[in-house]
file my_file31.txt (compact mmCIF, C-alpha atoms and all ligand atoms)
# COMPACT_ATOMS: atom_id res chain seq x y z
CA MET H 1 14.09 18.19 -22.17
CA GLN H 2 11.31 18.25 -24.75
CA PHE H 3 12.26 18.28 -28.44
CA THR H 4 11.12 17.27 -31.91
CA ALA H 5 13.23 14.48 -33.33
CA MET H 6 13.57 13.43 -36.95
CA ILE H 7 13.55 9.68 -37.52
CA LEU H 8 16.73 8.50 -39.22
CA SER H 9 15.73 4.84 -39.48
CA ASN H 10 13.03 2.48 -38.19
CA VAL H 11 13.76 -1.17 -38.90
CA GLU H 12 12.14 -4.46 -37.85
CA VAL H 13 15.03 -6.41 -36.28
CA SER H 14 13.04 -9.53 -35.29
CA PRO H 15 9.34 -10.34 -35.84
CA GLY H 16 7.41 -7.70 -33.86
CA TYR H 17 10.54 -5.90 -32.58
CA TRP H 18 11.73 -2.62 -34.08
CA ARG H 19 14.79 -0.44 -33.69
CA MET H 20 14.36 3.29 -34.26
CA ARG H 21 17.14 5.87 -34.57
CA MET H 22 16.26 9.56 -34.28
CA THR H 23 18.04 12.88 -34.11
CA ALA H 24 18.58 14.42 -30.68
CA PRO H 25 20.04 17.60 -29.20
CA SER H 26 23.69 17.32 -28.14
CA GLU H 27 22.63 17.31 -24.45
CA CYS H 28 21.18 13.81 -25.01
CA ALA H 29 24.67 12.46 -25.75
CA ALA H 30 25.17 12.57 -21.96
CA ALA H 31 22.20 10.22 -21.33
CA ARG H 32 23.09 7.57 -18.73
CA PRO H 33 22.44 3.85 -19.25
CA GLY H 34 19.00 3.03 -17.85
CA GLN H 35 17.49 6.46 -18.45
CA PHE H 36 14.37 6.54 -20.61
CA MET H 37 12.36 8.71 -22.99
CA MET H 38 8.65 9.55 -23.23
CA VAL H 39 7.49 9.42 -26.84
CA ARG H 40 4.43 11.10 -28.31
CA VAL H 41 3.73 8.51 -31.00
CA THR H 42 1.42 10.73 -33.07
CA GLY H 43 0.42 14.37 -33.47
CA ALA H 44 -3.26 13.28 -33.37
CA ILE H 45 -5.34 13.13 -30.17
CA ASP H 46 -5.34 9.32 -29.86
CA PRO H 47 -3.30 7.95 -28.23
CA LEU H 48 -2.97 11.05 -26.09
CA LEU H 49 -0.42 9.86 -23.55
CA ARG H 50 3.27 9.58 -24.28
CA ARG H 51 4.75 6.06 -24.13
CA PRO H 52 7.95 5.29 -22.15
CA PHE H 53 10.91 3.54 -23.79
CA GLY H 54 14.43 2.82 -22.59
CA ILE H 55 17.37 4.46 -24.33
CA PHE H 56 18.99 1.64 -26.32
CA ASP H 57 21.93 3.65 -27.62
CA VAL H 58 23.26 7.17 -28.12
CA GLY H 59 25.81 8.24 -30.70
CA CYS H 60 26.66 10.57 -33.55
CA HIS H 61 25.36 10.17 -37.12
CA ILE H 62 28.00 10.99 -39.72
CA PRO H 63 26.31 12.47 -42.83
CA ALA H 64 27.31 11.20 -46.28
CA GLN H 65 28.46 14.66 -47.49
CA SER H 66 31.92 15.59 -46.26
CA GLY H 67 31.98 18.76 -44.17
CA ALA H 68 28.34 18.37 -43.06
CA VAL H 69 27.62 18.66 -39.33
CA ARG H 70 27.62 15.44 -37.25
CA GLN H 71 24.17 14.73 -35.84
CA PRO H 72 23.74 13.27 -32.33
CA TYR H 73 21.12 10.52 -32.19
CA LEU H 74 19.15 8.37 -29.75
CA GLU H 75 17.98 4.83 -30.42
CA MET H 76 15.17 2.77 -28.98
CA LEU H 77 14.30 -0.89 -29.33
CA TYR H 78 10.60 -1.59 -29.03
CA ARG H 79 8.08 -4.39 -29.21
CA VAL H 80 4.72 -3.85 -30.89
CA VAL H 81 2.11 -4.64 -28.20
CA GLY H 82 -0.71 -2.14 -28.77
CA LYS H 83 -1.92 1.01 -30.47
CA GLY H 84 1.04 3.27 -29.68
CA THR H 85 3.79 0.86 -30.64
CA ALA H 86 1.84 -0.22 -33.77
CA LEU H 87 1.78 3.44 -34.84
CA LEU H 88 5.52 3.79 -34.18
CA ALA H 89 6.16 0.84 -36.49
CA THR H 90 4.46 2.73 -39.37
CA LEU H 91 6.85 5.69 -39.15
CA HIS H 92 9.64 6.22 -41.68
CA ALA H 93 12.93 8.05 -42.03
CA SER H 94 12.38 11.86 -42.06
CA ASP H 95 9.08 11.63 -40.09
CA LEU H 96 9.03 13.81 -36.95
CA ILE H 97 8.14 12.78 -33.38
CA ASP H 98 8.01 14.61 -30.09
CA LEU H 99 10.21 13.34 -27.23
CA LEU H 100 10.97 14.03 -23.59
CA ALA H 101 14.46 12.73 -22.78
CA PRO H 102 16.60 11.79 -21.00
CA LEU H 103 14.45 10.99 -17.96
CA GLY H 104 14.82 9.12 -14.67
CA LYS H 105 17.70 7.65 -12.75
CA GLY H 106 19.89 5.18 -14.63
CA PHE H 107 22.23 2.37 -13.57
CA ASP H 108 25.06 2.97 -11.13
CA LEU H 109 28.13 1.49 -12.85
CA GLY H 110 29.58 0.49 -9.46
CA GLU H 111 33.12 -0.61 -8.64
CA ALA H 112 35.45 -2.05 -11.28
CA ASP H 113 36.16 -5.29 -9.38
CA GLY H 114 34.22 -8.51 -9.98
CA GLU H 115 32.27 -9.55 -13.04
CA LYS H 116 29.27 -7.61 -14.26
CA LEU H 117 26.38 -9.93 -15.05
CA ILE H 118 23.65 -8.44 -17.19
CA VAL H 119 20.32 -10.26 -17.32
CA GLY H 120 17.71 -9.32 -19.91
CA GLY H 121 14.38 -10.79 -20.91
CA GLY H 122 12.90 -9.98 -24.35
CA VAL H 123 12.66 -6.24 -24.94
CA GLY H 124 14.16 -5.80 -21.45
CA LEU H 125 17.46 -6.00 -23.33
CA ALA H 126 16.76 -2.46 -24.62
CA PRO H 127 18.34 -0.38 -21.81
CA LEU H 128 21.10 -2.95 -21.23
CA TYR H 129 23.08 -2.32 -24.43
CA LEU H 130 24.12 1.21 -23.44
CA LEU H 131 24.94 -0.17 -19.98
CA ALA H 132 27.14 -2.91 -21.49
CA LYS H 133 28.91 -0.27 -23.61
CA GLU H 134 29.96 1.54 -20.42
CA LEU H 135 30.70 -1.55 -18.30
CA VAL H 136 33.09 -3.15 -20.82
CA LYS H 137 35.39 -0.14 -20.33
CA GLN H 138 36.10 -1.29 -16.76
CA SER H 139 35.16 -4.95 -16.23
CA LYS H 140 34.48 -8.37 -17.68
CA VAL H 141 30.81 -8.37 -18.76
CA ARG H 142 28.53 -11.37 -19.38
CA LEU H 143 25.02 -11.18 -20.79
CA PHE H 144 22.28 -13.67 -19.93
CA ALA H 145 19.49 -13.15 -22.46
CA GLY H 146 16.21 -15.01 -22.14
CA GLY H 147 12.95 -15.17 -24.06
CA ARG H 148 10.07 -17.41 -24.98
CA THR H 149 11.46 -18.15 -28.47
CA ARG H 150 14.47 -17.19 -30.60
CA ASP H 151 12.55 -14.13 -31.91
CA ASP H 152 12.71 -12.62 -28.39
CA ILE H 153 16.53 -12.74 -28.24
CA LEU H 154 17.52 -9.36 -29.63
CA CYS H 155 20.72 -7.69 -30.85
CA ILE H 156 23.08 -10.37 -29.48
CA THR H 157 25.61 -9.63 -32.25
CA GLU H 158 25.78 -6.01 -31.08
CA PHE H 159 26.56 -7.14 -27.52
CA GLU H 160 29.19 -9.59 -28.80
CA ARG H 161 30.85 -6.84 -30.83
CA LEU H 162 31.38 -4.95 -27.55
CA GLY H 163 33.31 -7.96 -26.20
CA VAL H 164 30.44 -9.16 -23.99
CA GLU H 165 30.23 -12.94 -23.50
CA CYS H 166 26.62 -13.91 -24.23
CA TYR H 167 24.50 -16.81 -22.96
CA THR H 168 21.02 -17.37 -24.33
CA ALA H 169 18.08 -19.43 -23.13
CA THR H 170 14.62 -19.85 -24.61
CA GLU H 171 11.58 -21.51 -23.10
CA ASP H 172 10.93 -23.52 -26.31
CA GLY H 173 14.61 -24.39 -26.86
CA SER H 174 14.69 -22.66 -30.29
CA LEU H 175 17.92 -20.79 -29.36
CA GLY H 176 20.52 -21.53 -26.68
CA GLU H 177 19.59 -23.57 -23.63
CA CYS H 178 16.02 -24.77 -23.22
CA GLY H 179 14.57 -23.20 -20.06
CA LEU H 180 14.99 -20.05 -18.02
CA VAL H 181 18.05 -17.84 -18.30
CA THR H 182 18.31 -17.65 -14.50
CA GLU H 183 19.65 -21.24 -14.56
CA ALA H 184 22.75 -20.10 -16.46
CA LEU H 185 23.04 -17.10 -14.14
CA LEU H 186 23.01 -19.39 -11.08
CA ARG H 187 25.77 -21.58 -12.56
CA ARG H 188 27.96 -18.55 -13.20
CA LEU H 189 27.36 -17.19 -9.70
CA ASP H 190 28.46 -20.56 -8.25
CA GLN H 191 31.72 -20.32 -10.23
CA LEU H 192 32.33 -16.73 -9.14
CA GLN H 193 31.59 -17.39 -5.47
CA GLY H 194 29.81 -14.09 -5.02
CA LYS H 195 32.28 -11.65 -6.65
CA ALA H 196 29.81 -10.11 -9.08
CA THR H 197 27.27 -7.36 -9.65
CA ILE H 198 23.95 -8.06 -11.36
CA TYR H 199 21.99 -5.66 -13.61
CA ALA H 200 18.59 -6.79 -14.87
CA CYS H 201 15.64 -5.66 -16.97
CA GLY H 202 12.72 -7.69 -18.25
CA PRO H 203 9.35 -9.15 -17.28
CA HIS H 204 8.42 -8.79 -13.61
CA GLY H 205 8.64 -12.57 -12.95
CA MET H 206 12.22 -12.64 -14.22
CA LEU H 207 13.18 -9.59 -12.17
CA ASN H 208 11.59 -11.17 -9.09
CA ALA H 209 13.63 -14.36 -9.59
CA VAL H 210 16.86 -12.41 -10.09
CA ALA H 211 16.18 -10.22 -7.03
CA VAL H 212 15.62 -13.32 -4.85
CA ILE H 213 18.83 -14.98 -6.16
CA ALA H 214 20.82 -11.80 -5.43
CA ALA H 215 19.35 -11.42 -1.94
CA GLU H 216 20.05 -15.06 -1.02
CA ARG H 217 23.67 -14.69 -2.07
CA GLY H 218 24.27 -11.14 -0.85
CA ILE H 219 25.15 -9.93 -4.35
CA PRO H 220 24.55 -6.30 -5.35
CA CYS H 221 21.75 -6.15 -7.90
CA GLN H 222 20.08 -3.31 -9.79
CA VAL H 223 16.82 -3.78 -11.66
CA SER H 224 15.12 -1.54 -14.21
CA LEU H 225 11.31 -1.58 -13.98
CA GLU H 226 9.08 -1.28 -17.06
CA GLY H 227 5.59 -0.84 -15.63
CA TYR H 228 2.88 1.58 -16.75
CA MET H 229 3.59 5.31 -16.95
CA ALA H 230 1.33 8.23 -17.82
CA CYS H 231 3.42 11.38 -17.36
CA GLY H 232 7.02 10.22 -16.81
CA VAL H 233 7.89 13.24 -14.70
CA GLY H 234 6.49 12.59 -11.22
CA ALA H 235 3.12 14.36 -11.64
CA CYS H 236 0.52 11.56 -11.76
CA LEU H 237 1.88 8.85 -9.40
CA GLY H 238 0.53 6.28 -11.86
CA CYS H 239 3.85 4.45 -11.96
CA VAL H 240 4.49 3.68 -8.28
CA ALA H 241 5.93 0.31 -7.22
CA PRO H 242 5.85 -1.16 -3.68
CA GLY H 243 9.00 -0.50 -1.67
CA ARG H 244 10.67 -3.02 0.66
CA GLY H 245 8.65 -1.97 3.73
CA HIS H 246 5.26 -1.88 2.00
CA SER H 247 2.22 -3.44 3.69
CA PRO H 248 -1.49 -2.55 3.78
CA GLU H 249 -0.90 -0.93 7.17
CA THR H 250 2.28 0.95 6.23
CA PRO H 251 2.19 1.96 2.57
CA ASP H 252 5.69 2.39 1.12
CA PHE H 253 5.87 3.23 -2.57
CA ARG H 254 8.62 4.27 -5.00
CA CYS H 255 7.87 6.61 -7.90
CA VAL H 256 9.36 4.69 -10.82
CA CYS H 257 9.73 7.62 -13.22
CA THR H 258 11.60 9.96 -10.86
CA GLU H 259 13.24 7.64 -8.28
CA GLY H 260 13.85 4.92 -10.92
CA PRO H 261 13.32 3.22 -13.29
CA VAL H 262 16.54 1.65 -11.93
CA PHE H 263 16.52 0.55 -8.28
CA GLU H 264 18.75 -1.48 -6.00
CA SER H 265 16.68 -4.69 -5.89
CA GLY H 266 16.69 -4.60 -2.06
CA GLU H 267 14.77 -1.30 -2.13
CA LEU H 268 11.67 -3.00 -3.57
CA LYS H 269 9.19 -5.57 -2.36
CA TRP H 270 9.39 -9.02 -4.06
CA ARG H 271 7.63 -12.36 -3.63
CA ASP H 272 9.85 -14.99 -1.91
C1 LIG J 301 10.70 3.03 -17.98
C2 LIG J 301 10.10 2.16 -19.07
C3 LIG J 301 10.89 1.77 -20.12
C4 LIG J 301 10.36 0.99 -21.14
N1 LIG J 301 11.17 0.64 -22.16
C5 LIG J 301 10.68 -0.08 -23.18
C6 LIG J 301 11.53 -0.39 -24.29
O1 LIG J 301 12.70 -0.01 -24.33
N2 LIG J 301 10.98 -1.09 -25.30
C7 LIG J 301 9.66 -1.52 -25.29
O2 LIG J 301 9.22 -2.15 -26.25
N3 LIG J 301 8.85 -1.23 -24.25
C8 LIG J 301 9.33 -0.51 -23.21
N4 LIG J 301 8.50 -0.20 -22.17
C9 LIG J 301 7.08 -0.64 -22.24
C10 LIG J 301 6.34 0.29 -23.20
O3 LIG J 301 6.25 1.57 -22.61
C11 LIG J 301 4.93 -0.25 -23.51
O4 LIG J 301 5.07 -1.48 -24.19
C12 LIG J 301 4.18 0.73 -24.39
O5 LIG J 301 3.86 1.88 -23.65
C13 LIG J 301 2.92 0.09 -24.94
O6 LIG J 301 2.22 1.08 -25.66
P1 LIG J 301 1.07 0.68 -26.69
O7 LIG J 301 0.27 1.91 -26.93
O8 LIG J 301 1.63 -0.03 -27.86
O9 LIG J 301 0.25 -0.40 -25.88
P2 LIG J 301 -1.16 -0.17 -25.17
O10 LIG J 301 -2.22 -0.09 -26.22
O11 LIG J 301 -1.04 0.92 -24.16
O12 LIG J 301 -1.26 -1.56 -24.42
C14 LIG J 301 -1.31 -2.78 -25.17
C15 LIG J 301 -1.16 -3.96 -24.24
O13 LIG J 301 0.14 -3.94 -23.63
C16 LIG J 301 0.02 -3.90 -22.22
N5 LIG J 301 1.06 -2.98 -21.73
C17 LIG J 301 1.19 -1.65 -21.99
N6 LIG J 301 2.25 -1.13 -21.37
C18 LIG J 301 2.82 -2.16 -20.70
C19 LIG J 301 3.94 -2.28 -19.84
N7 LIG J 301 4.70 -1.24 -19.53
N8 LIG J 301 4.21 -3.50 -19.32
C20 LIG J 301 3.43 -4.56 -19.58
N9 LIG J 301 2.37 -4.51 -20.39
C21 LIG J 301 2.06 -3.33 -20.93
C22 LIG J 301 -1.38 -3.35 -21.95
O14 LIG J 301 -1.90 -3.83 -20.71
C23 LIG J 301 -2.17 -3.95 -23.08
O15 LIG J 301 -2.51 -5.29 -22.83
C24 LIG J 301 8.99 0.57 -21.11
C25 LIG J 301 8.18 0.97 -20.05
C26 LIG J 301 8.74 1.75 -19.03
C27 LIG J 301 7.88 2.20 -17.89
S1 LIG J 302 4.40 8.32 -14.60
FE1 LIG J 302 3.42 9.97 -13.63
S2 LIG J 302 4.40 10.01 -11.71
FE2 LIG J 302 5.48 8.47 -12.75
call {"tool": "encode", "arguments": {"input": "my_file31.txt", "output": "structure tokens"}}
result
Amino acid sequence: MQFTAMILSNVEVSPGYWRMRMTAPSECAAARPGQFMMVRVTGAIDPLLRRPFGIFDVGCHIPAQSGAVRQPYLEMLYRVVGKGTALLATLHASDLIDLLAPLGKGFDLGEADGEKLIVGGGVGLAPLYLLAKELVKQSKVRLFAGGRTRDDILCITEFERLGVECYTATEDGSLGECGLVTEALLRRLDQLQGKATIYACGPHGMLNAVAVIAAERGIPCQVSLEGYMACGVGACLGCVAPGRGHSPETPDFRCVCTEGPVFESGELKWRD
């Protein structure tokens, strides 16, 4: 649905990363983990296109005055990379923005047995918090969070408060293990001997590595893609990703905004 949201807060949580909370209609309280929103970052002409962002959290704002109506809200966690996100970072509480939400197909929570292993890289952690909130109700959940430096490891305290066991790895060694977070994932998978489900979101290289690990071990794995999107509703086909059977002779594409952004990793084409 399309609606005008009022910003409740917009805070820099790590250098270059912001967390925005905004009002939402009560229908958005039913948003599923992994669904996303399309945000019109300004009322002006430029930038014209909406920008896609994962839903970080949903909840209910309790106003200070007793007796006042509770206000459902949506949250997003975003990284400033260009014009649109730079404009978002200038917005303040009580500013208005136009949203389309909730969109797309989210994560399938799967069966309760086995551990749930969540793998997130940088701002790829954004749609994984709401997922963790749901998964902890039924299973043991571990988070493997990776980034280039400690500034890219976001909201770990929030995950820990849910009861999620968190592992961190940074490429420069400034937080957690020095190296790639997939190393810690591999160690845990060895201990579990395959009884696990993986959920991942992050840079394409990380998703590719996780998808290959899951395929080699026959472990169910869902990935959330964060490519480019123009419309977010299946009209422009600007977001397509190659499906498992894709080749120049037999094109096979998935529309990320309507069939995803979450896919079983085996549905997509990856590099070996
Ligand atoms: C389903 C989905 C969910 C997403 N969720 C989040 C989220 O929760 N938090 C978040 O911070 N970002 C998320 N993104 C990415 C986000 O949409 C882009 O970062 C944003 O649109 C950039 O807008 P901009 O105007 O600031 O950058 P632009 O000015 O459009 O681009 C600036 C630079 O960033 C690059 N860029 C733009 N978009 C992307 C992209 N999708 N992937 C890689 N590089 C890009 C451009 O090539 C350019 O170099 C998501 C994307 C998708 C498709
Ligand atoms: S963004 Fe237009 S079809 Fe997906």
call {"tool": "residues_near_point", "arguments": {"input": "my_file31.txt", "point": "(16.3, -21.1, -26.7)", "cutoff": "8 Å", "atoms": "all atoms listed in the file", "output": "count of residues only"}}
result
17
call {"tool": "closest_atom_pairs", "arguments": {"input": "my_file31.txt", "of": "chain H", "to": "ligand LIG 302 (chain J)", "cutoff": "7 Å", "atoms": "all atoms listed in the file", "output": "Markdown table"}}
result
| residue | atom | partner | partner_atom | distance |
| --- | --- | --- | --- | --- |
| H:Met229 | CA | J:LIG302 | S1 | 3.9 |
| H:Ala230 | CA | J:LIG302 | S1 | 4.4 |
| H:Cys231 | CA | J:LIG302 | FE1 | 4.0 |
| H:Gly232 | CA | J:LIG302 | S1 | 3.9 |
| H:Val233 | CA | J:LIG302 | S2 | 5.6 |
| H:Gly234 | CA | J:LIG302 | S2 | 3.4 |
| H:Ala235 | CA | J:LIG302 | S2 | 4.5 |
| H:Cys236 | CA | J:LIG302 | FE1 | 3.8 |
| H:Leu237 | CA | J:LIG302 | S2 | 3.6 |
| H:Gly238 | CA | J:LIG302 | FE1 | 5.0 |
| H:Cys239 | CA | J:LIG302 | FE2 | 4.4 |
| H:Val240 | CA | J:LIG302 | FE2 | 6.6 |
| H:Cys255 | CA | J:LIG302 | FE2 | 5.7 |
| H:Val256 | CA | J:LIG302 | FE2 | 5.8 |
| H:Cys257 | CA | J:LIG302 | FE2 | 4.4 |
| H:Thr258 | CA | J:LIG302 | FE2 | 6.6 |
call {"tool": "closest_residue", "arguments": {"input": "my_file31.txt", "among": "H:Thr197, H:Thr42, H:Gln65, H:Ser265", "to": "ligand LIG 301 (chain J)", "atoms": "all atoms listed in the file"}}
result
H:Thr42
call {"tool": "atom_distance", "arguments": {"input": "my_file31.txt", "atom1": "atom C8 of ligand LIG 301 (chain J)", "atom2": "atom CA of Leu77 of chain H"}}
result
7.9 Å
call {"tool": "closest_residue", "arguments": {"input": "my_file31.txt", "among": "H:Val69, H:Leu87, H:Val81, H:Leu131", "to": "ligand LIG 301 (chain J)", "atoms": "all atoms listed in the file"}}
result
H:Val81
call {"tool": "closest_residue", "arguments": {"input": "my_file31.txt", "among": "H:Ala86, H:Ala64, H:Leu268, H:Ile198", "to": "Leu109 of chain H", "atoms": "only C-alpha atoms"}}
result
H:Ile198
call {"tool": "closest_residue", "arguments": {"input": "my_file31.txt", "among": "H:Gly104, H:Pro242, H:Pro251, H:Gly84", "to": "Asp46 of chain H", "atoms": "all atoms listed in the file"}}
result
H:Gly84
call {"tool": "build_atoms", "arguments": {"input": "my_file31.txt", "residues": "segment 12-23 of chain H", "atoms": "N, CA, C and O atoms", "output": "tab-separated table (two decimals), in the coordinates of the input"}}
result
chain	number	residue	atom	x	y	z
H	12	GLU	N	12.57	-3.29	-38.61
H	12	GLU	CA	12.14	-4.46	-37.85
H	12	GLU	C	13.34	-5.41	-37.73
H	12	GLU	O	13.85	-5.92	-38.72
H	13	VAL	N	13.81	-5.62	-36.48
H	13	VAL	CA	15.03	-6.41	-36.28
H	13	VAL	C	14.72	-7.87	-35.98
H	13	VAL	O	15.60	-8.73	-36.07
H	14	SER	N	13.50	-8.16	-35.57
H	14	SER	CA	13.04	-9.53	-35.29
H	14	SER	C	11.52	-9.42	-35.38
H	14	SER	O	10.98	-8.32	-35.15
H	15	PRO	N	10.79	-10.51	-35.68
H	15	PRO	CA	9.34	-10.34	-35.84
H	15	PRO	C	8.70	-9.63	-34.65
H	15	PRO	O	8.79	-10.11	-33.51
H	16	GLY	N	8.09	-8.45	-34.91
H	16	GLY	CA	7.41	-7.70	-33.86
H	16	GLY	C	8.30	-6.77	-33.05
H	16	GLY	O	7.81	-6.07	-32.17
H	17	TYR	N	9.59	-6.76	-33.32
H	17	TYR	CA	10.54	-5.90	-32.58
H	17	TYR	C	11.20	-4.93	-33.55
H	17	TYR	O	11.73	-5.36	-34.59
H	18	TRP	N	11.22	-3.66	-33.19
H	18	TRP	CA	11.73	-2.62	-34.08
H	18	TRP	C	12.81	-1.80	-33.38
H	18	TRP	O	12.79	-1.65	-32.17
H	19	ARG	N	13.71	-1.29	-34.20
H	19	ARG	CA	14.79	-0.44	-33.69
H	19	ARG	C	14.71	0.89	-34.42
H	19	ARG	O	14.76	0.92	-35.65
H	20	MET	N	14.52	1.96	-33.65
H	20	MET	CA	14.36	3.29	-34.26
H	20	MET	C	15.51	4.20	-33.84
H	20	MET	O	15.86	4.27	-32.66
H	21	ARG	N	16.10	4.86	-34.84
H	21	ARG	CA	17.14	5.87	-34.57
H	21	ARG	C	16.57	7.24	-34.91
H	21	ARG	O	15.94	7.42	-35.95
H	22	MET	N	16.78	8.22	-34.00
H	22	MET	CA	16.26	9.56	-34.28
H	22	MET	C	17.23	10.64	-33.82
H	22	MET	O	18.03	10.41	-32.90
H	23	THR	N	17.15	11.78	-34.45
H	23	THR	CA	18.04	12.88	-34.11
H	23	THR	C	17.74	13.35	-32.69
H	23	THR	O	16.63	13.19	-32.19
